[in-house]
$ cat final-v2.cif   # mmCIF, C-alpha atoms; chains and numbers go by the auth columns
data_query
loop_
_atom_site.group_PDB
_atom_site.id
_atom_site.type_symbol
_atom_site.label_atom_id
_atom_site.label_comp_id
_atom_site.label_asym_id
_atom_site.label_seq_id
_atom_site.Cartn_x
_atom_site.Cartn_y
_atom_site.Cartn_z
_atom_site.B_iso_or_equiv
_atom_site.auth_seq_id
_atom_site.auth_asym_id
ATOM 1 C CA MET A 1 155.037 48.682 94.177 0.00 1 A
ATOM 2 C CA HIS A 2 152.751 47.054 91.611 0.00 2 A
ATOM 3 C CA ILE A 3 150.674 49.629 89.700 0.00 3 A
ATOM 4 C CA ILE A 4 147.697 48.650 87.574 0.00 4 A
ATOM 5 C CA LYS A 5 146.478 51.465 85.323 0.00 5 A
ATOM 6 C CA LEU A 6 142.912 51.595 84.052 0.00 6 A
ATOM 7 C CA ASP A 7 141.245 54.046 81.689 0.00 7 A
ATOM 8 C CA ALA A 8 137.839 53.933 83.324 0.00 8 A
ATOM 9 C CA ILE A 9 136.353 52.031 86.244 0.00 9 A
ATOM 10 C CA ASP A 10 133.342 52.355 88.517 0.00 10 A
ATOM 11 C CA SER A 11 135.513 52.572 91.636 0.00 11 A
ATOM 12 C CA THR A 12 139.190 51.764 92.208 0.00 12 A
ATOM 13 C CA ASN A 13 138.338 50.548 95.721 0.00 13 A
ATOM 14 C CA SER A 14 135.687 48.163 94.422 0.00 14 A
ATOM 15 C CA PHE A 15 138.032 46.870 91.723 0.00 15 A
ATOM 16 C CA LEU A 16 140.853 46.250 94.201 0.00 16 A
ATOM 17 C CA ARG A 17 138.539 44.609 96.731 0.00 17 A
ATOM 18 C CA GLN A 18 137.260 42.226 94.052 0.00 18 A
ATOM 19 C CA LEU A 19 140.799 41.518 92.878 0.00 19 A
ATOM 20 C CA SER A 20 142.042 40.769 96.392 0.00 20 A
ATOM 21 C CA SER A 21 139.108 38.464 97.102 0.00 21 A
ATOM 22 C CA ASN A 22 139.912 36.356 94.027 0.00 22 A
ATOM 23 C CA LYS A 23 143.668 36.013 94.391 0.00 23 A
ATOM 24 C CA ILE A 24 146.634 36.899 96.581 0.00 24 A
ATOM 25 C CA VAL A 25 147.526 40.532 96.044 0.00 25 A
ATOM 26 C CA ASP A 26 151.016 41.895 96.652 0.00 26 A
ATOM 27 C CA ASP A 27 151.503 44.462 99.377 0.00 27 A
ATOM 28 C CA TYR A 28 151.224 48.000 97.986 0.00 28 A
ATOM 29 C CA THR A 29 149.401 46.945 94.854 0.00 29 A
ATOM 30 C CA VAL A 30 147.960 50.156 93.434 0.00 30 A
ATOM 31 C CA ILE A 31 144.974 50.608 91.143 0.00 31 A
ATOM 32 C CA VAL A 32 144.882 53.977 89.396 0.00 32 A
ATOM 33 C CA ALA A 33 142.205 55.153 86.975 0.00 33 A
ATOM 34 C CA LYS A 34 141.901 58.072 84.575 0.00 34 A
ATOM 35 C CA SER A 35 138.168 58.145 85.203 0.00 35 A
ATOM 36 C CA GLN A 36 135.790 56.800 87.849 0.00 36 A
ATOM 37 C CA THR A 37 132.072 56.495 87.220 0.00 37 A
ATOM 38 C CA LYS A 38 131.183 55.786 90.848 0.00 38 A
ATOM 39 C CA GLY A 39 133.994 57.251 92.900 0.00 39 A
ATOM 40 C CA ARG A 40 133.054 57.143 96.566 0.00 40 A
ATOM 41 C CA GLY A 41 133.854 59.265 99.582 0.00 41 A
ATOM 42 C CA GLN A 42 133.109 59.064 103.272 0.00 42 A
ATOM 43 C CA MET A 43 129.554 58.198 104.347 0.00 43 A
ATOM 44 C CA GLY A 44 128.286 57.484 100.840 0.00 44 A
ATOM 45 C CA THR A 45 129.286 60.754 99.211 0.00 45 A
ATOM 46 C CA GLU A 46 130.508 60.765 95.613 0.00 46 A
ATOM 47 C CA TRP A 47 133.863 61.972 94.311 0.00 47 A
ATOM 48 C CA HIS A 48 133.674 63.835 90.986 0.00 48 A
ATOM 49 C CA SER A 49 136.750 64.415 88.847 0.00 49 A
ATOM 50 C CA GLN A 50 137.643 65.434 85.308 0.00 50 A
ATOM 51 C CA PRO A 51 139.213 62.464 83.459 0.00 51 A
ATOM 52 C CA GLY A 52 143.002 62.536 83.324 0.00 52 A
ATOM 53 C CA LYS A 53 143.346 65.641 85.484 0.00 53 A
ATOM 54 C CA ASN A 54 143.530 64.169 88.969 0.00 54 A
ATOM 55 C CA LEU A 55 144.710 61.161 90.923 0.00 55 A
ATOM 56 C CA MET A 56 142.131 58.482 91.661 0.00 56 A
ATOM 57 C CA ALA A 57 143.782 55.469 93.176 0.00 57 A
ATOM 58 C CA SER A 58 143.505 52.664 95.700 0.00 58 A
ATOM 59 C CA VAL A 59 146.300 50.807 97.464 0.00 59 A
ATOM 60 C CA PHE A 60 146.272 47.403 99.171 0.00 60 A
ATOM 61 C CA ILE A 61 148.296 47.032 102.384 0.00 61 A
ATOM 62 C CA ASP A 62 148.735 44.097 104.739 0.00 62 A
ATOM 63 C CA VAL A 63 147.862 45.527 108.163 0.00 63 A
ATOM 64 C CA SER A 64 147.579 42.241 110.068 0.00 64 A
ATOM 65 C CA PHE A 65 150.011 43.714 112.620 0.00 65 A
ATOM 66 C CA LEU A 66 147.263 46.108 113.764 0.00 66 A
ATOM 67 C CA LYS A 67 144.415 45.355 116.133 0.00 67 A
ATOM 68 C CA ILE A 68 140.910 46.286 115.032 0.00 68 A
ATOM 69 C CA GLU A 69 140.639 48.932 117.743 0.00 69 A
ATOM 70 C CA SER A 70 143.716 50.624 116.265 0.00 70 A
ATOM 71 C CA SER A 71 142.357 50.788 112.710 0.00 71 A
ATOM 72 C CA PHE A 72 142.054 54.600 112.747 0.00 72 A
ATOM 73 C CA TYR A 73 145.844 54.715 112.578 0.00 73 A
ATOM 74 C CA ILE A 74 145.444 53.662 108.929 0.00 74 A
ATOM 75 C CA SER A 75 143.521 56.877 108.341 0.00 75 A
ATOM 76 C CA MET A 76 146.161 58.858 110.221 0.00 76 A
ATOM 77 C CA MET A 77 149.099 57.511 108.222 0.00 77 A
ATOM 78 C CA MET A 78 147.359 58.038 104.868 0.00 78 A
ATOM 79 C CA SER A 79 146.428 61.600 105.805 0.00 79 A
ATOM 80 C CA LEU A 80 150.033 62.239 106.812 0.00 80 A
ATOM 81 C CA ALA A 81 151.393 60.729 103.583 0.00 81 A
ATOM 82 C CA ILE A 82 149.291 62.975 101.364 0.00 82 A
ATOM 83 C CA SER A 83 149.934 66.056 103.523 0.00 83 A
ATOM 84 C CA LYS A 84 153.701 65.469 103.452 0.00 84 A
ATOM 85 C CA VAL A 85 153.792 65.126 99.658 0.00 85 A
ATOM 86 C CA LEU A 86 151.693 68.250 99.161 0.00 86 A
ATOM 87 C CA LYS A 87 154.016 70.243 101.397 0.00 87 A
ATOM 88 C CA ASP A 88 157.089 68.828 99.662 0.00 88 A
ATOM 89 C CA LEU A 89 155.600 70.017 96.360 0.00 89 A
ATOM 90 C CA GLN A 90 155.209 73.545 97.745 0.00 90 A
ATOM 91 C CA ILE A 91 151.450 73.430 98.338 0.00 91 A
ATOM 92 C CA LYS A 92 150.790 75.901 101.133 0.00 92 A
ATOM 93 C CA ASN A 93 148.430 75.923 104.110 0.00 93 A
ATOM 94 C CA VAL A 94 147.837 72.160 104.098 0.00 94 A
ATOM 95 C CA LYS A 95 145.726 70.794 106.966 0.00 95 A
ATOM 96 C CA VAL A 96 143.782 67.631 107.787 0.00 96 A
ATOM 97 C CA LYS A 97 140.078 68.174 108.432 0.00 97 A
ATOM 98 C CA TRP A 98 139.026 65.335 110.737 0.00 98 A
ATOM 99 C CA PRO A 99 138.786 62.510 110.014 0.00 99 A
ATOM 100 C CA ASN A 100 140.718 62.518 106.739 0.00 100 A
ATOM 101 C CA ASP A 101 139.887 65.293 104.305 0.00 101 A
ATOM 102 C CA ILE A 102 142.988 67.165 103.197 0.00 102 A
ATOM 103 C CA LEU A 103 142.614 70.920 102.828 0.00 103 A
ATOM 104 C CA ALA A 104 144.767 73.544 101.130 0.00 104 A
ATOM 105 C CA ASP A 105 143.895 77.178 101.819 0.00 105 A
ATOM 106 C CA GLN A 106 140.848 75.853 103.718 0.00 106 A
ATOM 107 C CA LYS A 107 139.450 74.150 100.600 0.00 107 A
ATOM 108 C CA LYS A 108 139.258 70.414 99.953 0.00 108 A
ATOM 109 C CA ILE A 109 142.077 69.089 97.820 0.00 109 A
ATOM 110 C CA SER A 110 141.940 65.392 98.718 0.00 110 A
ATOM 111 C CA GLY A 111 139.605 62.797 100.197 0.00 111 A
ATOM 112 C CA ILE A 112 140.270 59.332 101.564 0.00 112 A
ATOM 113 C CA LEU A 113 138.076 56.223 101.771 0.00 113 A
ATOM 114 C CA ILE A 114 139.300 53.281 103.842 0.00 114 A
ATOM 115 C CA GLU A 115 137.787 49.800 103.604 0.00 115 A
ATOM 116 C CA ASN A 116 139.306 47.210 105.892 0.00 116 A
ATOM 117 C CA VAL A 117 139.424 43.457 105.294 0.00 117 A
ATOM 118 C CA ILE A 118 138.514 41.646 108.514 0.00 118 A
ATOM 119 C CA LYS A 119 138.442 37.876 109.041 0.00 119 A
ATOM 120 C CA ASN A 120 137.592 36.095 112.287 0.00 120 A
ATOM 121 C CA ASN A 121 137.511 39.452 114.051 0.00 121 A
ATOM 122 C CA GLN A 122 141.115 40.076 112.986 0.00 122 A
ATOM 123 C CA LEU A 123 142.303 42.942 110.797 0.00 123 A
ATOM 124 C CA GLN A 124 143.912 41.388 107.712 0.00 124 A
ATOM 125 C CA ALA A 125 144.396 44.127 105.157 0.00 125 A
ATOM 126 C CA THR A 126 143.179 47.539 104.165 0.00 126 A
ATOM 127 C CA ILE A 127 142.192 49.082 100.860 0.00 127 A
ATOM 128 C CA ILE A 128 142.855 52.805 100.936 0.00 128 A
ATOM 129 C CA GLY A 129 141.177 54.787 98.200 0.00 129 A
ATOM 130 C CA PHE A 130 142.069 58.403 97.676 0.00 130 A
ATOM 131 C CA GLY A 131 141.250 61.203 95.297 0.00 131 A
ATOM 132 C CA LEU A 132 143.660 64.098 94.916 0.00 132 A
ATOM 133 C CA ASN A 133 142.827 67.129 92.825 0.00 133 A
ATOM 134 C CA VAL A 134 146.005 67.754 90.855 0.00 134 A
ATOM 135 C CA ASN A 135 145.607 69.638 87.558 0.00 135 A
ATOM 136 C CA GLN A 136 141.880 70.353 87.447 0.00 136 A
ATOM 137 C CA VAL A 137 141.095 74.073 87.324 0.00 137 A
ATOM 138 C CA TYR A 138 137.280 74.344 87.374 0.00 138 A
ATOM 139 C CA PHE A 139 134.988 72.633 89.888 0.00 139 A
ATOM 140 C CA GLU A 140 131.384 73.164 88.922 0.00 140 A
ATOM 141 C CA ASN A 141 129.099 73.768 91.931 0.00 141 A
ATOM 142 C CA LEU A 142 131.936 72.916 94.336 0.00 142 A
ATOM 143 C CA PRO A 143 133.025 76.270 95.802 0.00 143 A
ATOM 144 C CA LEU A 144 135.040 74.598 98.560 0.00 144 A
ATOM 145 C CA ALA A 145 137.178 72.470 96.212 0.00 145 A
ATOM 146 C CA THR A 146 140.683 73.275 95.042 0.00 146 A
ATOM 147 C CA SER A 147 143.622 71.591 93.326 0.00 147 A
ATOM 148 C CA MET A 148 147.399 71.576 93.379 0.00 148 A
ATOM 149 C CA HIS A 149 147.419 73.586 90.169 0.00 149 A
ATOM 150 C CA ILE A 150 145.025 76.210 91.517 0.00 150 A
ATOM 151 C CA VAL A 151 147.102 76.661 94.668 0.00 151 A
ATOM 152 C CA SER A 152 150.557 76.681 93.062 0.00 152 A
ATOM 153 C CA GLY A 153 149.985 77.605 89.405 0.00 153 A
ATOM 154 C CA GLN A 154 152.048 74.578 88.378 0.00 154 A
ATOM 155 C CA THR A 155 151.126 71.497 86.344 0.00 155 A
ATOM 156 C CA TYR A 156 152.101 68.160 87.894 0.00 156 A
ATOM 157 C CA HIS A 157 152.891 64.695 86.551 0.00 157 A
ATOM 158 C CA LEU A 158 150.296 62.349 88.015 0.00 158 A
ATOM 159 C CA ASP A 159 152.560 59.280 88.109 0.00 159 A
ATOM 160 C CA GLU A 160 155.251 61.147 90.024 0.00 160 A
ATOM 161 C CA VAL A 161 152.790 62.472 92.600 0.00 161 A
ATOM 162 C CA LEU A 162 151.355 58.963 93.054 0.00 162 A
ATOM 163 C CA LYS A 163 154.784 57.396 93.592 0.00 163 A
ATOM 164 C CA CYS A 164 155.696 60.057 96.150 0.00 164 A
ATOM 165 C CA ILE A 165 152.502 59.332 98.101 0.00 165 A
ATOM 166 C CA ILE A 166 153.127 55.577 98.157 0.00 166 A
ATOM 167 C CA VAL A 167 156.734 56.123 99.296 0.00 167 A
ATOM 168 C CA GLN A 168 155.520 58.262 102.206 0.00 168 A
ATOM 169 C CA LEU A 169 152.748 55.787 103.015 0.00 169 A
ATOM 170 C CA ARG A 170 155.335 53.003 103.298 0.00 170 A
ATOM 171 C CA LEU A 171 157.404 55.121 105.691 0.00 171 A
ATOM 172 C CA TYR A 172 154.459 55.813 108.000 0.00 172 A
ATOM 173 C CA THR A 173 153.405 52.146 107.853 0.00 173 A
ATOM 174 C CA GLU A 174 156.889 51.116 108.956 0.00 174 A
ATOM 175 C CA ILE A 175 156.656 53.515 111.914 0.00 175 A
ATOM 176 C CA LEU A 176 153.410 51.814 112.953 0.00 176 A
ATOM 177 C CA LYS A 177 155.017 48.379 112.566 0.00 177 A
ATOM 178 C CA THR A 178 157.643 49.370 115.126 0.00 178 A
ATOM 179 C CA GLY A 179 154.817 50.098 117.572 0.00 179 A
ATOM 180 C CA ASN A 180 155.418 53.853 117.689 0.00 180 A
ATOM 181 C CA PHE A 181 151.725 54.730 117.620 0.00 181 A
ATOM 182 C CA GLN A 182 152.241 57.827 119.732 0.00 182 A
ATOM 183 C CA LEU A 183 154.485 59.437 117.110 0.00 183 A
ATOM 184 C CA ILE A 184 151.913 58.927 114.348 0.00 184 A
ATOM 185 C CA LYS A 185 149.148 60.276 116.580 0.00 185 A
ATOM 186 C CA GLU A 186 151.154 63.362 117.558 0.00 186 A
ATOM 187 C CA MET A 187 152.058 64.062 113.925 0.00 187 A
ATOM 188 C CA TYR A 188 148.423 63.670 112.855 0.00 188 A
ATOM 189 C CA GLU A 189 147.133 65.919 115.627 0.00 189 A
ATOM 190 C CA SER A 190 149.659 68.602 114.702 0.00 190 A
ATOM 191 C CA GLU A 191 148.071 68.716 111.231 0.00 191 A
ATOM 192 C CA LEU A 192 144.463 69.036 112.411 0.00 192 A
ATOM 193 C CA PHE A 193 142.449 71.852 110.880 0.00 193 A
ATOM 194 C CA ARG A 194 141.282 74.397 113.493 0.00 194 A
ATOM 195 C CA LYS A 195 143.065 72.674 116.363 0.00 195 A
ATOM 196 C CA ASN A 196 142.967 74.859 119.488 0.00 196 A
ATOM 197 C CA LYS A 197 140.908 77.485 117.665 0.00 197 A
ATOM 198 C CA PRO A 198 137.343 78.472 118.598 0.00 198 A
ATOM 199 C CA SER A 199 135.145 76.494 116.198 0.00 199 A
ATOM 200 C CA THR A 200 131.476 75.856 115.566 0.00 200 A
ATOM 201 C CA PHE A 201 130.081 72.332 115.359 0.00 201 A
ATOM 202 C CA GLU A 202 126.720 70.804 114.462 0.00 202 A
ATOM 203 C CA ASP A 203 125.416 67.663 116.164 0.00 203 A
ATOM 204 C CA VAL A 204 123.117 65.020 114.668 0.00 204 A
ATOM 205 C CA GLU A 205 120.031 66.956 115.743 0.00 205 A
ATOM 206 C CA GLY A 206 121.205 70.101 113.977 0.00 206 A
ATOM 207 C CA VAL A 207 122.117 71.904 117.197 0.00 207 A
ATOM 208 C CA LEU A 208 125.113 74.225 116.917 0.00 208 A
ATOM 209 C CA PHE A 209 127.701 74.449 119.663 0.00 209 A
ATOM 210 C CA SER A 210 131.156 75.937 120.141 0.00 210 A
ATOM 211 C CA GLY A 211 134.356 74.243 121.199 0.00 211 A
ATOM 212 C CA PHE A 212 138.070 73.754 120.664 0.00 212 A
ATOM 213 C CA ILE A 213 139.517 70.730 118.855 0.00 213 A
ATOM 214 C CA LYS A 214 142.172 69.237 121.142 0.00 214 A
ATOM 215 C CA GLY A 215 143.037 66.007 119.338 0.00 215 A
ATOM 216 C CA VAL A 216 141.759 62.503 118.635 0.00 216 A
ATOM 217 C CA SER A 217 141.418 59.366 120.730 0.00 217 A
ATOM 218 C CA ASN A 218 143.253 56.162 119.809 0.00 218 A
ATOM 219 C CA SER A 219 140.045 54.944 118.190 0.00 219 A
ATOM 220 C CA GLY A 220 139.758 58.107 116.084 0.00 220 A
ATOM 221 C CA HIS A 221 137.063 59.989 117.987 0.00 221 A
ATOM 222 C CA LEU A 222 137.373 63.761 117.806 0.00 222 A
ATOM 223 C CA GLN A 223 138.173 65.319 121.181 0.00 223 A
ATOM 224 C CA VAL A 224 136.510 68.707 121.641 0.00 224 A
ATOM 225 C CA LEU A 225 136.781 70.982 124.662 0.00 225 A
ATOM 226 C CA ILE A 226 133.310 72.412 125.203 0.00 226 A
ATOM 227 C CA GLU A 227 131.852 74.746 127.845 0.00 227 A
ATOM 228 C CA ASP A 228 132.656 74.156 131.524 0.00 228 A
ATOM 229 C CA ASP A 229 136.035 72.724 130.427 0.00 229 A
ATOM 230 C CA ILE A 230 134.485 69.382 129.481 0.00 230 A
ATOM 231 C CA LEU A 231 136.477 67.285 127.002 0.00 231 A
ATOM 232 C CA LYS A 232 133.935 65.407 124.921 0.00 232 A
ATOM 233 C CA GLU A 233 134.566 62.756 122.276 0.00 233 A
ATOM 234 C CA PHE A 234 132.564 62.409 119.054 0.00 234 A
ATOM 235 C CA ASP A 235 132.586 59.800 116.333 0.00 235 A
ATOM 236 C CA LEU A 236 132.153 60.582 112.646 0.00 236 A
ATOM 237 C CA LYS A 237 128.368 60.352 112.637 0.00 237 A
ATOM 238 C CA GLU A 238 127.891 62.457 115.752 0.00 238 A
ATOM 239 C CA VAL A 239 129.364 65.804 114.812 0.00 239 A
ATOM 240 C CA LYS A 240 130.154 68.042 111.867 0.00 240 A
ATOM 241 C CA LEU A 241 132.765 70.795 111.911 0.00 241 A
ATOM 242 C CA LEU A 242 131.420 73.903 110.245 0.00 242 A
ATOM 243 C CA TYR A 243 133.681 76.409 108.531 0.00 243 A
#
$ encode --input "final-v2.cif" --output "structure tokens"
Amino acid sequence: MHIIKLDAIDSTNSFLRQLSSNKIVDDYTVIVAKSQTKGRGQMGTEWHSQPGKNLMASVFIDVSFLKIESSFYISMMMSLAISKVLKDLQIKNVKVKWPNDILADQKKISGILIENVIKNNQLQATIIGFGLNVNQVYFENLPLATSMHIVSGQTYHLDEVLKCIIVQLRLYTEILKTGNFQLIKEMYESELFRKNKPSTFEDVEGVLFSGFIKGVSNSGHLQVLIEDDILKEFDLKEVKLLY
């Protein structure tokens, strides 16, 4: 594991993407920053964090063994890695809110941003950025945010938490390399927030509907059982799970 530490950067993902485009980057090269000025989340959202309190990192992994249509497994294994570490560190009520927000006590504790490197229609590598709220206590105007410290009352060493996450990520990557996709999928689905519970969703037109989360497809679409026992699949832009 090669870790590059930065005091401040616009985005660890952007930095690592630029680095990897200019030279050969070792597998599991990690960029970690004390502060990000333009931290990014899913679908263009921003990730705000107090400097030095939380983990903001990106990791480069060779995923040329995966087909493009299986790229959601990258999201699954990263979600599982963070969830496993949180549980190991006695963080309670950890769940994955599809596609890859990590919740603790139903509040967001971590977010993941995946940017894949594709050449000639082949998946080459992935840059996985993640933010994990570790020791921050106050989140201004973010009532649904929490941190490891808030949940447990403990203060954590950022470097140790980061190393634990990368170790777990390696383990899940190795499982995928053996071709055991079903195991990763089953583990991910077992962590899904509100799985098999009556939930309310909002579609792109703002229409609310009820259903039960049953799992995900191999391509990462959310599978929801709606009225008349119809199992419908939604991609990220098509549906929003409401609390």
$ residues_around --input "final-v2.cif" --residues "Phe201 of chain A" --least-positions-apart "3" --cutoff "12 Å" --atoms "all atoms listed in the file" --output "list in words"
Arg194, Pro198, Val204, Glu205, Gly206, Val207, Leu208, Phe209, Ser210, Gly211, Phe212, Ile213, Leu222, Val224, Leu225, Ile226, Phe234, Glu238, Val239, Lys240, Leu241, Leu242 and Tyr243 of chain A
$ resolve_selection --input "final-v2.cif" --expression "the PyMOL selection byres ((chain A and resi 162) around 12)" --output "PyMOL selection string"
chain A and resi 1+3+5+30-33+54-59+81-82+85-86+130-134+156-161+163-169
$ closest_residue --input "final-v2.cif" --among "A:Thr173, A:Ser20, A:Gln182, A:Gln223" --to "Lys195 of chain A" --atoms "all atoms listed in the file"
A:Gln223
$ residues_near_point --input "final-v2.cif" --point "(141.9, 51.5, 99.8)" --cutoff "10 Å" --atoms "only C-alpha atoms" --output "VMD selection string"
chain A and resid 12 to 14 16 to 17 30 to 31 57 to 61 78 112 to 116 125 to 130
$ atom_distance --input "final-v2.cif" --atom1 "atom CA of Phe65 of chain A" --atom2 "atom CA of Gly179 of chain A"
9.4 Å
$ decode --input "final-v2.cif" --residues "segment 137-148 of chain A" --atoms "N, CA, C and O atoms" --output "CSV table (one decimal), in the first residue's frame"
chain,number,residue,atom,x,y,z
A,137,VAL,N,-17.7,16.4,15.3
A,137,VAL,CA,-18.8,16.4,16.2
A,137,VAL,C,-20.0,17.2,15.7
A,137,VAL,O,-21.2,16.8,15.9
A,138,TYR,N,-19.8,18.4,15.1
A,138,TYR,CA,-20.9,19.2,14.7
A,138,TYR,C,-20.9,19.3,13.1
A,138,TYR,O,-19.9,19.4,12.5
A,139,PHE,N,-22.1,19.1,12.6
A,139,PHE,CA,-22.4,19.2,11.2
A,139,PHE,C,-23.4,20.3,10.9
A,139,PHE,O,-24.6,20.0,11.1
A,140,GLU,N,-23.0,21.4,10.6
A,140,GLU,CA,-23.9,22.6,10.4
A,140,GLU,C,-24.8,22.3,9.2
A,140,GLU,O,-24.4,22.0,8.1
A,141,ASN,N,-26.1,22.5,9.5
A,141,ASN,CA,-27.1,22.3,8.4
A,141,ASN,C,-27.2,20.9,7.8
A,141,ASN,O,-27.6,20.8,6.7
A,142,LEU,N,-26.7,19.9,8.5
A,142,LEU,CA,-26.7,18.6,8.0
A,142,LEU,C,-27.3,17.7,9.1
A,142,LEU,O,-26.5,16.9,9.7
A,143,PRO,N,-28.6,17.7,9.3
A,143,PRO,CA,-29.2,17.0,10.4
A,143,PRO,C,-29.1,15.5,10.2
A,143,PRO,O,-29.3,14.7,11.2
A,144,LEU,N,-28.9,15.0,9.0
A,144,LEU,CA,-28.8,13.6,8.8
A,144,LEU,C,-27.4,13.0,8.6
A,144,LEU,O,-27.1,12.0,8.1
A,145,ALA,N,-26.4,13.8,9.2
A,145,ALA,CA,-25.0,13.4,9.2
A,145,ALA,C,-24.6,13.0,10.6
A,145,ALA,O,-25.1,13.5,11.6
A,146,THR,N,-23.7,12.0,10.6
A,146,THR,CA,-23.1,11.6,11.9
A,146,THR,C,-21.7,11.2,11.7
A,146,THR,O,-21.1,11.3,10.6
A,147,SER,N,-21.0,10.8,12.8
A,147,SER,CA,-19.6,10.4,12.7
A,147,SER,C,-19.4,9.2,13.7
A,147,SER,O,-20.2,8.9,14.6
A,148,MET,N,-18.2,8.6,13.5
A,148,MET,CA,-17.8,7.5,14.4
A,148,MET,C,-17.8,8.0,15.9
A,148,MET,O,-18.2,7.3,16.8
